$ cat work-v5.cif   # mmCIF, C-alpha atoms
data_data
#
loop_
_atom_site.group_PDB
_atom_site.id
_atom_site.type_symbol
_atom_site.label_atom_id
_atom_site.label_comp_id
_atom_site.auth_asym_id
_atom_site.auth_seq_id
_atom_site.Cartn_x
_atom_site.Cartn_y
_atom_site.Cartn_z
ATOM 1 C CA MET T 1429 26.448 -19.756 4.661
ATOM 2 C CA THR T 1430 24.178 -16.833 3.918
ATOM 3 C CA ARG T 1431 22.953 -13.803 5.814
ATOM 4 C CA LYS T 1432 19.377 -12.584 5.591
ATOM 5 C CA PHE T 1433 18.363 -8.974 6.027
ATOM 6 C CA LYS T 1434 14.993 -7.300 6.521
ATOM 7 C CA LEU T 1435 14.489 -3.789 5.137
ATOM 8 C CA THR T 1436 11.730 -1.251 5.776
ATOM 9 C CA ILE T 1437 11.347 0.848 2.646
ATOM 10 C CA ALA T 1438 9.499 4.129 2.103
ATOM 11 C CA TYR T 1439 8.851 5.609 -1.322
ATOM 12 C CA ASP T 1440 6.940 8.196 -3.258
ATOM 13 C CA GLY T 1441 5.310 6.127 -6.007
ATOM 14 C CA THR T 1442 4.533 9.081 -8.289
ATOM 15 C CA GLY T 1443 7.258 8.286 -10.805
ATOM 16 C CA TYR T 1444 6.960 4.498 -10.792
ATOM 17 C CA GLU T 1445 4.825 1.809 -12.399
ATOM 18 C CA GLY T 1446 4.179 0.224 -9.033
ATOM 19 C CA TRP T 1447 6.444 -1.849 -6.822
ATOM 20 C CA GLN T 1448 7.316 -4.835 -9.003
ATOM 21 C CA VAL T 1449 9.941 -5.035 -11.714
ATOM 22 C CA GLN T 1450 8.143 -4.125 -14.945
ATOM 23 C CA LYS T 1451 8.511 -5.171 -18.592
ATOM 24 C CA THR T 1452 7.752 -1.575 -19.518
ATOM 25 C CA GLY T 1453 8.366 1.342 -17.205
ATOM 26 C CA THR T 1454 10.221 1.256 -13.901
ATOM 27 C CA GLY T 1455 9.168 -0.420 -10.656
ATOM 28 C CA VAL T 1456 10.489 0.546 -7.224
ATOM 29 C CA GLN T 1457 11.832 -2.994 -6.755
ATOM 30 C CA GLU T 1458 14.135 -2.524 -9.744
ATOM 31 C CA LYS T 1459 15.754 0.541 -8.170
ATOM 32 C CA VAL T 1460 16.302 -1.216 -4.841
ATOM 33 C CA GLU T 1461 17.856 -4.249 -6.537
ATOM 34 C CA GLU T 1462 20.129 -1.990 -8.580
ATOM 35 C CA ALA T 1463 21.346 -0.399 -5.325
ATOM 36 C CA LEU T 1464 21.933 -3.825 -3.771
ATOM 37 C CA ALA T 1465 23.958 -4.842 -6.830
ATOM 38 C CA LYS T 1466 26.318 -1.932 -6.134
ATOM 39 C CA LEU T 1467 27.082 -3.415 -2.719
ATOM 40 C CA PHE T 1468 26.924 -7.174 -3.284
ATOM 41 C CA PRO T 1469 28.502 -9.027 -6.251
ATOM 42 C CA SER T 1470 25.826 -11.739 -6.081
ATOM 43 C CA HIS T 1471 23.156 -9.203 -7.158
ATOM 44 C CA PRO T 1472 20.552 -10.345 -4.604
ATOM 45 C CA ARG T 1473 16.845 -10.380 -5.456
ATOM 46 C CA ILE T 1474 14.409 -9.018 -2.914
ATOM 47 C CA HIS T 1475 11.173 -10.585 -1.700
ATOM 48 C CA SER T 1476 8.480 -8.127 -0.645
ATOM 49 C CA SER T 1477 5.560 -8.207 1.764
ATOM 50 C CA SER T 1478 3.232 -6.538 -0.738
ATOM 51 C CA ARG T 1479 2.771 -5.163 -4.200
ATOM 52 C CA THR T 1480 1.651 -1.596 -4.778
ATOM 53 C CA ASP T 1481 0.086 -0.282 -7.979
ATOM 54 C CA THR T 1482 1.230 2.518 -10.247
ATOM 55 C CA GLY T 1483 1.311 5.802 -8.350
ATOM 56 C CA VAL T 1484 0.719 4.271 -4.891
ATOM 57 C CA HIS T 1485 3.140 5.187 -2.098
ATOM 58 C CA ALA T 1486 4.615 3.317 0.873
ATOM 59 C CA LEU T 1487 5.969 4.219 4.269
ATOM 60 C CA GLY T 1488 6.404 0.677 5.603
ATOM 61 C CA MET T 1489 7.070 -1.763 2.764
ATOM 62 C CA ILE T 1490 8.933 -4.759 4.226
ATOM 63 C CA VAL T 1491 11.341 -6.813 2.108
ATOM 64 C CA HIS T 1492 14.033 -9.393 2.708
ATOM 65 C CA PHE T 1493 17.095 -10.557 0.797
ATOM 66 C CA GLU T 1494 19.969 -12.988 1.296
ATOM 67 C CA VAL T 1495 23.658 -12.697 0.472
ATOM 68 C CA PRO T 1496 26.622 -15.024 0.976
ATOM 69 C CA ALA T 1497 28.225 -14.375 4.350
ATOM 70 C CA SER T 1498 31.548 -13.830 2.580
ATOM 71 C CA GLU T 1499 30.098 -10.737 0.842
ATOM 72 C CA CYS T 1500 28.771 -9.006 3.916
ATOM 73 C CA ASN T 1501 30.527 -7.629 6.962
ATOM 74 C CA MET T 1502 28.322 -4.523 7.272
ATOM 75 C CA ILE T 1503 26.199 -3.828 10.330
ATOM 76 C CA PRO T 1504 22.530 -3.143 9.468
ATOM 77 C CA ARG T 1505 22.717 0.595 10.212
ATOM 78 C CA LYS T 1506 25.588 0.987 7.772
ATOM 79 C CA LEU T 1507 23.702 -1.130 5.229
ATOM 80 C CA ALA T 1508 20.776 1.311 5.269
ATOM 81 C CA LEU T 1509 23.133 4.264 4.797
ATOM 82 C CA ALA T 1510 24.987 2.538 1.958
ATOM 83 C CA LEU T 1511 21.796 1.638 0.104
ATOM 84 C CA ASN T 1512 20.386 5.152 0.456
ATOM 85 C CA ALA T 1513 23.557 6.531 -1.093
ATOM 86 C CA TRP T 1514 22.693 4.608 -4.296
ATOM 87 C CA LEU T 1515 18.919 5.097 -4.273
ATOM 88 C CA PRO T 1516 17.019 7.989 -5.868
ATOM 89 C CA GLN T 1517 15.643 10.569 -3.455
ATOM 90 C CA ASP T 1518 12.065 9.287 -3.766
ATOM 91 C CA ILE T 1519 13.048 5.873 -2.324
ATOM 92 C CA ARG T 1520 14.586 5.388 1.109
ATOM 93 C CA VAL T 1521 15.536 2.473 3.344
ATOM 94 C CA ALA T 1522 14.056 3.630 6.647
ATOM 95 C CA ALA T 1523 15.471 0.705 8.639
ATOM 96 C CA ALA T 1524 17.586 -2.427 8.181
ATOM 97 C CA ALA T 1525 17.947 -5.428 10.474
ATOM 98 C CA ARG T 1526 19.284 -8.969 10.447
ATOM 99 C CA ALA T 1527 16.519 -11.522 9.962
ATOM 100 C CA SER T 1528 16.289 -15.134 11.041
ATOM 101 C CA ALA T 1529 17.019 -17.802 8.439
ATOM 102 C CA ASN T 1530 13.340 -18.776 8.159
ATOM 103 C CA PHE T 1531 11.886 -15.233 7.949
ATOM 104 C CA HIS T 1532 9.859 -14.419 4.830
ATOM 105 C CA ALA T 1533 8.600 -10.882 4.237
ATOM 106 C CA ARG T 1534 5.434 -12.034 2.479
ATOM 107 C CA PHE T 1535 4.470 -15.355 4.026
ATOM 108 C CA ASP T 1536 5.153 -14.320 7.639
ATOM 109 C CA ALA T 1537 3.021 -11.166 7.415
ATOM 110 C CA THR T 1538 -0.167 -11.352 9.510
ATOM 111 C CA GLY T 1539 -1.765 -8.132 8.295
ATOM 112 C CA LYS T 1540 -1.312 -4.744 6.659
ATOM 113 C CA GLN T 1541 -2.456 -1.200 7.233
ATOM 114 C CA TYR T 1542 -3.179 1.159 4.382
ATOM 115 C CA ARG T 1543 -3.964 4.841 4.761
ATOM 116 C CA TYR T 1544 -5.733 6.993 2.216
ATOM 117 C CA PHE T 1545 -5.540 10.796 2.338
ATOM 118 C CA ILE T 1546 -8.077 13.316 1.056
ATOM 119 C CA TRP T 1547 -7.907 17.116 1.064
ATOM 120 C CA ASN T 1548 -11.536 18.175 1.520
ATOM 121 C CA HIS T 1549 -11.464 21.906 0.784
ATOM 122 C CA PRO T 1550 -12.467 24.040 -2.230
ATOM 123 C CA ALA T 1551 -8.773 24.816 -2.909
ATOM 124 C CA MET T 1552 -6.192 22.045 -3.085
ATOM 125 C CA ASN T 1553 -3.141 22.266 -0.842
ATOM 126 C CA PRO T 1554 -0.337 22.352 -3.449
ATOM 127 C CA LEU T 1555 2.191 20.904 -0.999
ATOM 128 C CA ILE T 1556 0.382 17.536 -0.860
ATOM 129 C CA ARG T 1557 -1.013 17.359 -4.390
ATOM 130 C CA GLN T 1558 0.924 14.135 -5.086
ATOM 131 C CA THR T 1559 -0.116 12.355 -1.890
ATOM 132 C CA ALA T 1560 -3.774 13.298 -1.369
ATOM 133 C CA TRP T 1561 -6.953 13.227 -3.462
ATOM 134 C CA HIS T 1562 -8.606 16.639 -3.791
ATOM 135 C CA VAL T 1563 -12.345 16.412 -3.049
ATOM 136 C CA PRO T 1564 -13.585 20.027 -3.120
ATOM 137 C CA ARG T 1565 -17.241 19.573 -2.102
ATOM 138 C CA PRO T 1566 -18.446 19.125 1.503
ATOM 139 C CA LEU T 1567 -18.799 15.524 2.716
ATOM 140 C CA ASP T 1568 -21.142 13.985 5.283
ATOM 141 C CA LEU T 1569 -18.566 12.413 7.586
ATOM 142 C CA ALA T 1570 -21.154 10.857 9.911
ATOM 143 C CA ALA T 1571 -22.692 8.975 6.988
ATOM 144 C CA MET T 1572 -19.251 7.879 5.771
ATOM 145 C CA ARG T 1573 -18.223 6.597 9.204
ATOM 146 C CA ALA T 1574 -21.451 4.659 9.589
ATOM 147 C CA ALA T 1575 -20.999 3.131 6.128
ATOM 148 C CA ALA T 1576 -17.350 2.238 6.829
ATOM 149 C CA ARG T 1577 -18.417 -0.082 9.659
ATOM 150 C CA HIS T 1578 -20.119 -2.371 7.134
ATOM 151 C CA PHE T 1579 -16.713 -3.276 5.667
ATOM 152 C CA VAL T 1580 -15.285 -4.606 8.938
ATOM 153 C CA GLY T 1581 -15.389 -8.394 9.198
ATOM 154 C CA ARG T 1582 -15.047 -11.260 6.751
ATOM 155 C CA HIS T 1583 -16.720 -10.543 3.402
ATOM 156 C CA ASP T 1584 -16.483 -11.289 -0.285
ATOM 157 C CA PHE T 1585 -15.026 -8.052 -1.695
ATOM 158 C CA GLN T 1586 -15.653 -8.893 -5.365
ATOM 159 C CA SER T 1587 -17.686 -5.688 -5.722
ATOM 160 C CA PHE T 1588 -14.755 -3.539 -4.585
ATOM 161 C CA THR T 1589 -11.857 -5.018 -6.541
ATOM 162 C CA SER T 1590 -10.788 -4.583 -10.145
ATOM 163 C CA ASN T 1591 -9.796 -7.427 -12.441
ATOM 164 C CA PRO T 1592 -6.050 -7.998 -11.934
ATOM 165 C CA GLY T 1593 -5.667 -9.941 -15.170
ATOM 166 C CA TYR T 1594 -5.016 -13.296 -13.506
ATOM 167 C CA ALA T 1595 -7.121 -15.942 -11.760
ATOM 168 C CA ARG T 1596 -7.695 -15.588 -8.009
ATOM 169 C CA GLU T 1597 -8.496 -18.419 -5.639
ATOM 170 C CA SER T 1598 -10.846 -16.257 -3.601
ATOM 171 C CA THR T 1599 -12.086 -12.685 -3.230
ATOM 172 C CA VAL T 1600 -12.975 -13.212 0.450
ATOM 173 C CA ARG T 1601 -10.948 -11.094 2.850
ATOM 174 C CA THR T 1602 -11.150 -10.005 6.490
ATOM 175 C CA LEU T 1603 -10.940 -6.348 7.505
ATOM 176 C CA THR T 1604 -10.247 -5.596 11.154
ATOM 177 C CA ARG T 1605 -10.443 -1.813 10.853
ATOM 178 C CA CYS T 1606 -12.014 0.786 8.563
ATOM 179 C CA ASP T 1607 -11.865 4.200 10.233
ATOM 180 C CA LEU T 1608 -12.110 7.789 9.063
ATOM 181 C CA LYS T 1609 -10.359 10.627 10.912
ATOM 182 C CA ARG T 1610 -10.507 14.348 10.191
ATOM 183 C CA SER T 1611 -7.946 17.050 10.969
ATOM 184 C CA GLY T 1612 -9.152 20.299 9.443
ATOM 185 C CA PRO T 1613 -9.571 19.686 5.713
ATOM 186 C CA ARG T 1614 -7.399 16.544 5.792
ATOM 187 C CA LEU T 1615 -9.263 13.236 5.912
ATOM 188 C CA THR T 1616 -7.434 10.003 6.715
ATOM 189 C CA PHE T 1617 -8.936 6.592 6.029
ATOM 190 C CA ILE T 1618 -7.252 3.805 8.027
ATOM 191 C CA ILE T 1619 -7.904 0.329 6.633
ATOM 192 C CA GLU T 1620 -6.401 -2.806 8.187
ATOM 193 C CA GLY T 1621 -6.787 -6.422 7.209
ATOM 194 C CA GLU T 1622 -5.137 -9.782 6.698
ATOM 195 C CA GLY T 1623 -4.726 -9.103 2.977
ATOM 196 C CA PHE T 1624 -6.080 -6.993 0.140
ATOM 197 C CA LEU T 1625 -7.293 -7.476 -3.427
ATOM 198 C CA TYR T 1626 -6.269 -5.457 -6.464
ATOM 199 C CA LYS T 1627 -7.520 -1.857 -6.011
ATOM 200 C CA MET T 1628 -9.691 -2.972 -3.084
ATOM 201 C CA CYS T 1629 -8.739 -0.094 -0.750
ATOM 202 C CA ARG T 1630 -9.335 2.419 -3.506
ATOM 203 C CA GLY T 1631 -12.740 0.877 -4.277
ATOM 204 C CA ILE T 1632 -13.716 1.153 -0.622
ATOM 205 C CA VAL T 1633 -12.565 4.778 -0.315
ATOM 206 C CA GLY T 1634 -14.165 5.851 -3.593
ATOM 207 C CA THR T 1635 -17.472 4.302 -2.521
ATOM 208 C CA LEU T 1636 -17.341 5.948 0.924
ATOM 209 C CA VAL T 1637 -16.678 9.353 -0.637
ATOM 210 C CA GLN T 1638 -19.756 8.914 -2.817
ATOM 211 C CA VAL T 1639 -21.748 8.049 0.314
ATOM 212 C CA GLY T 1640 -20.455 11.322 1.773
ATOM 213 C CA GLN T 1641 -21.632 13.144 -1.344
ATOM 214 C CA GLY T 1642 -25.120 11.689 -0.931
ATOM 215 C CA LYS T 1643 -24.992 9.619 -4.117
ATOM 216 C CA PHE T 1644 -26.248 6.555 -2.246
ATOM 217 C CA PRO T 1645 -27.014 5.677 1.389
ATOM 218 C CA GLY T 1646 -24.454 3.909 3.552
ATOM 219 C CA SER T 1647 -26.857 1.019 4.042
ATOM 220 C CA GLU T 1648 -26.260 0.135 0.367
ATOM 221 C CA ILE T 1649 -22.803 -1.199 1.293
ATOM 222 C CA LYS T 1650 -24.338 -4.470 2.503
ATOM 223 C CA THR T 1651 -26.183 -4.881 -0.801
ATOM 224 C CA MET T 1652 -23.032 -4.084 -2.795
ATOM 225 C CA LEU T 1653 -21.063 -6.729 -0.902
ATOM 226 C CA ALA T 1654 -23.807 -9.312 -1.395
ATOM 227 C CA LYS T 1655 -24.068 -8.784 -5.167
ATOM 228 C CA LYS T 1656 -20.353 -9.553 -5.793
ATOM 229 C CA ASP T 1657 -20.329 -7.335 -8.890
ATOM 230 C CA ARG T 1658 -17.923 -4.401 -9.359
ATOM 231 C CA ARG T 1659 -20.542 -2.529 -11.369
ATOM 232 C CA VAL T 1660 -22.871 -2.080 -8.387
ATOM 233 C CA ALA T 1661 -20.339 -0.358 -6.103
ATOM 234 C CA GLY T 1662 -18.880 3.145 -6.202
ATOM 235 C CA MET T 1663 -15.893 4.625 -7.975
ATOM 236 C CA THR T 1664 -12.227 3.725 -7.576
ATOM 237 C CA ALA T 1665 -10.338 6.481 -5.755
ATOM 238 C CA PRO T 1666 -7.167 7.794 -7.472
ATOM 239 C CA ALA T 1667 -3.920 5.946 -6.733
ATOM 240 C CA HIS T 1668 -1.919 8.908 -5.450
ATOM 241 C CA GLY T 1669 -3.817 9.207 -2.153
ATOM 242 C CA LEU T 1670 -2.970 5.659 -1.031
ATOM 243 C CA VAL T 1671 -0.046 4.678 1.207
ATOM 244 C CA LEU T 1672 1.031 1.235 2.416
ATOM 245 C CA TRP T 1673 1.518 2.384 6.005
ATOM 246 C CA LYS T 1674 2.766 -0.698 7.847
ATOM 247 C CA VAL T 1675 2.969 -4.484 7.719
ATOM 248 C CA PHE T 1676 2.264 -6.583 10.798
ATOM 249 C CA TYR T 1677 4.205 -9.695 11.850
#
$ encode --input "work-v5.cif" --output "structure tokens"
Amino acid sequence: MTRKFKLTIAYDGTGYEGWQVQKTGTGVQEKVEEALAKLFPSHPRIHSSSRTDTGVHALGMIVHFEVPASECNMIPRKLALALNAWLPQDIRVAAAARASANFHARFDATGKQYRYFIWNHPAMNPLIRQTAWHVPRPLDLAAMRAAARHFVGRHDFQSFTSNPGYARESTVRTLTRCDLKRSGPRLTFIIEGEGFLYKMCRGIVGTLVQVGQGKFPGSEIKTMLAKKDRRVAGMTAPAHGLVLWKVFY
């Protein structure tokens, strides 16, 4: 008999080499599994809904793990408190719940939302320097919003993804949302889809910022998608502005 738990994890990715356990450097997953090992003798491994790259943050990473029933008599709320007592301050279990026996954090996910933050002002806000990209020059938001609409739908995103170092079955993905909101100097890109390629969100944001700078017209997005060549699209936005916001089930 085993018990399965679902955790919602938030973290500041500044000090980590991404989510996964790494051969060199430290991944967020490693820290969470070390905390679990303090509570459960079986040293459970966790299965995540996503992978985030070096320097990328998360507010709603979903994971699951299983432990023998004999090891666990904790209610989920106490489990979250116990794990947080062993985790570093830049990683927190925001919520814990019992999961059904057939739940899988990755394979049951139906979509994800990422948010990317930009501080668009001549002077950077020092309080958010680790969680927002500083773009000091004025941007044409109307042009960026018009260009963003070209990403919504099912497309081959080869032009907006970097080589992950392994073979991929397909670079076709479906985006259901690509919005840009402004609150004073803070810009928020909201990107939702069924799944994402390596550095795909950052390729989209970097390209849209260059549209806003007038480096190419928004209508070029269609051509970039059609050419399926990373060299024809815009820049890759820095990692530290990106947050895995939520996972849908």
$ closest_residue --input "work-v5.cif" --among "T:Ile1556, T:Asp1568, T:Tyr1544, T:Arg1596" --to "Ala1665 (chain T)" --atoms "all atoms listed in the file"
T:Tyr1544
$ closest_residue --input "work-v5.cif" --among "T:Leu1670, T:Val1563, T:Ile1503, T:Ile1546" --to "Lys1609 (chain T)" --atoms "only C-alpha atoms"
T:Ile1546
$ residues_around --input "work-v5.cif" --residues "Asp1536 (chain T)" --least-positions-apart "6" --cutoff "9 Å" --atoms "all atoms listed in the file" --output "PyMOL selection string"
chain T and resi 1477+1676-1677
$ resolve_selection --input "work-v5.cif" --expression "the PyMOL selection byres ((chain T and resi 1522-1526) around 7)" --output "PyMOL selection string"
chain T and resi 1432-1438+1504-1505+1507-1508+1520-1521+1527-1528
$ residues_near_point --input "work-v5.cif" --point "(-7.7, -6.6, 12.6)" --cutoff "8 Å" --atoms "all atoms listed in the file" --output "PDB file with C-alpha atoms, in the coordinates of the input"
ATOM      1  CA  GLY T1539      -1.765  -8.132   8.295  1.00  0.00           C
ATOM      2  CA  THR T1602     -11.150 -10.005   6.490  1.00  0.00           C
ATOM      3  CA  LEU T1603     -10.940  -6.348   7.505  1.00  0.00           C
ATOM      4  CA  THR T1604     -10.247  -5.596  11.154  1.00  0.00           C
ATOM      5  CA  ARG T1605     -10.443  -1.813  10.853  1.00  0.00           C
ATOM      6  CA  GLU T1620      -6.401  -2.806   8.187  1.00  0.00           C
ATOM      7  CA  GLY T1621      -6.787  -6.422   7.209  1.00  0.00           C
ATOM      8  CA  GLU T1622      -5.137  -9.782   6.698  1.00  0.00           C
TER       9      GLU T1622
END
$ resolve_selection --input "work-v5.cif" --expression "the PyMOL selection byres ((chain T and resi 1493-1501) around 6)" --output "PyMOL selection string"
chain T and resi 1429-1433+1474+1492+1502
$ residues_around --input "work-v5.cif" --residues "region 1451-1465 of chain T" --least-positions-apart "6" --cutoff "6 Å" --atoms "all atoms listed in the file" --output "PyMOL selection string"
chain T and resi 1444-1445+1471+1511+1514
$ atom_distance --input "work-v5.cif" --atom1 "CA of Val1633 (chain T)" --atom2 "CA of Thr1664 (chain T)"
7.3 Å
$ resolve_selection --input "work-v5.cif" --expression "the PyMOL selection byres ((chain T and resi 1558) around 12)" --output "list in words"
Asp1440, Gly1441, Thr1442, Gly1443, Gly1483, Val1484, His1485, Phe1545, Ile1546, Trp1547, Met1552, Asn1553, Pro1554, Leu1555, Ile1556, Arg1557, Thr1559, Ala1560, Trp1561, His1562, Pro1666, Ala1667, His1668, Gly1669, Leu1670 and Val1671 of chain T
$ atom_distance --input "work-v5.cif" --atom1 "CA of Gln1586 (chain T)" --atom2 "CA of Arg1479 (chain T)"
18.8 Å
$ atom_distance --input "work-v5.cif" --atom1 "CA of Tyr1439 (chain T)" --atom2 "CA of Arg1534 (chain T)"
18.4 Å
$ closest_residue --input "work-v5.cif" --among "T:Thr1589, T:Ala1570, T:Gln1638, T:Lys1627" --to "Arg1610 (chain T)" --atoms "all atoms listed in the file"
T:Ala1570
$ residues_around --input "work-v5.cif" --residues "Lys1650 (chain T)" --least-positions-apart "4" --cutoff "9 Å" --atoms "only C-alpha atoms" --output "count of residues only"
5
$ axis_aligned_box --input "work-v5.cif" --around "region 1471-1476 of chain T" --padding-each-side "5 Å" --output "AutoDock Vina command-line options"
--center_x 15.8 --center_y -9.4 --center_z -3.9 --size_x 24.7 --size_y 12.5 --size_z 16.5
$ closest_residue --input "work-v5.cif" --among "T:Thr1480, T:Thr1651, T:Gln1641, T:Thr1616" --to "Met1628 (chain T)" --atoms "only C-alpha atoms"
T:Thr1480
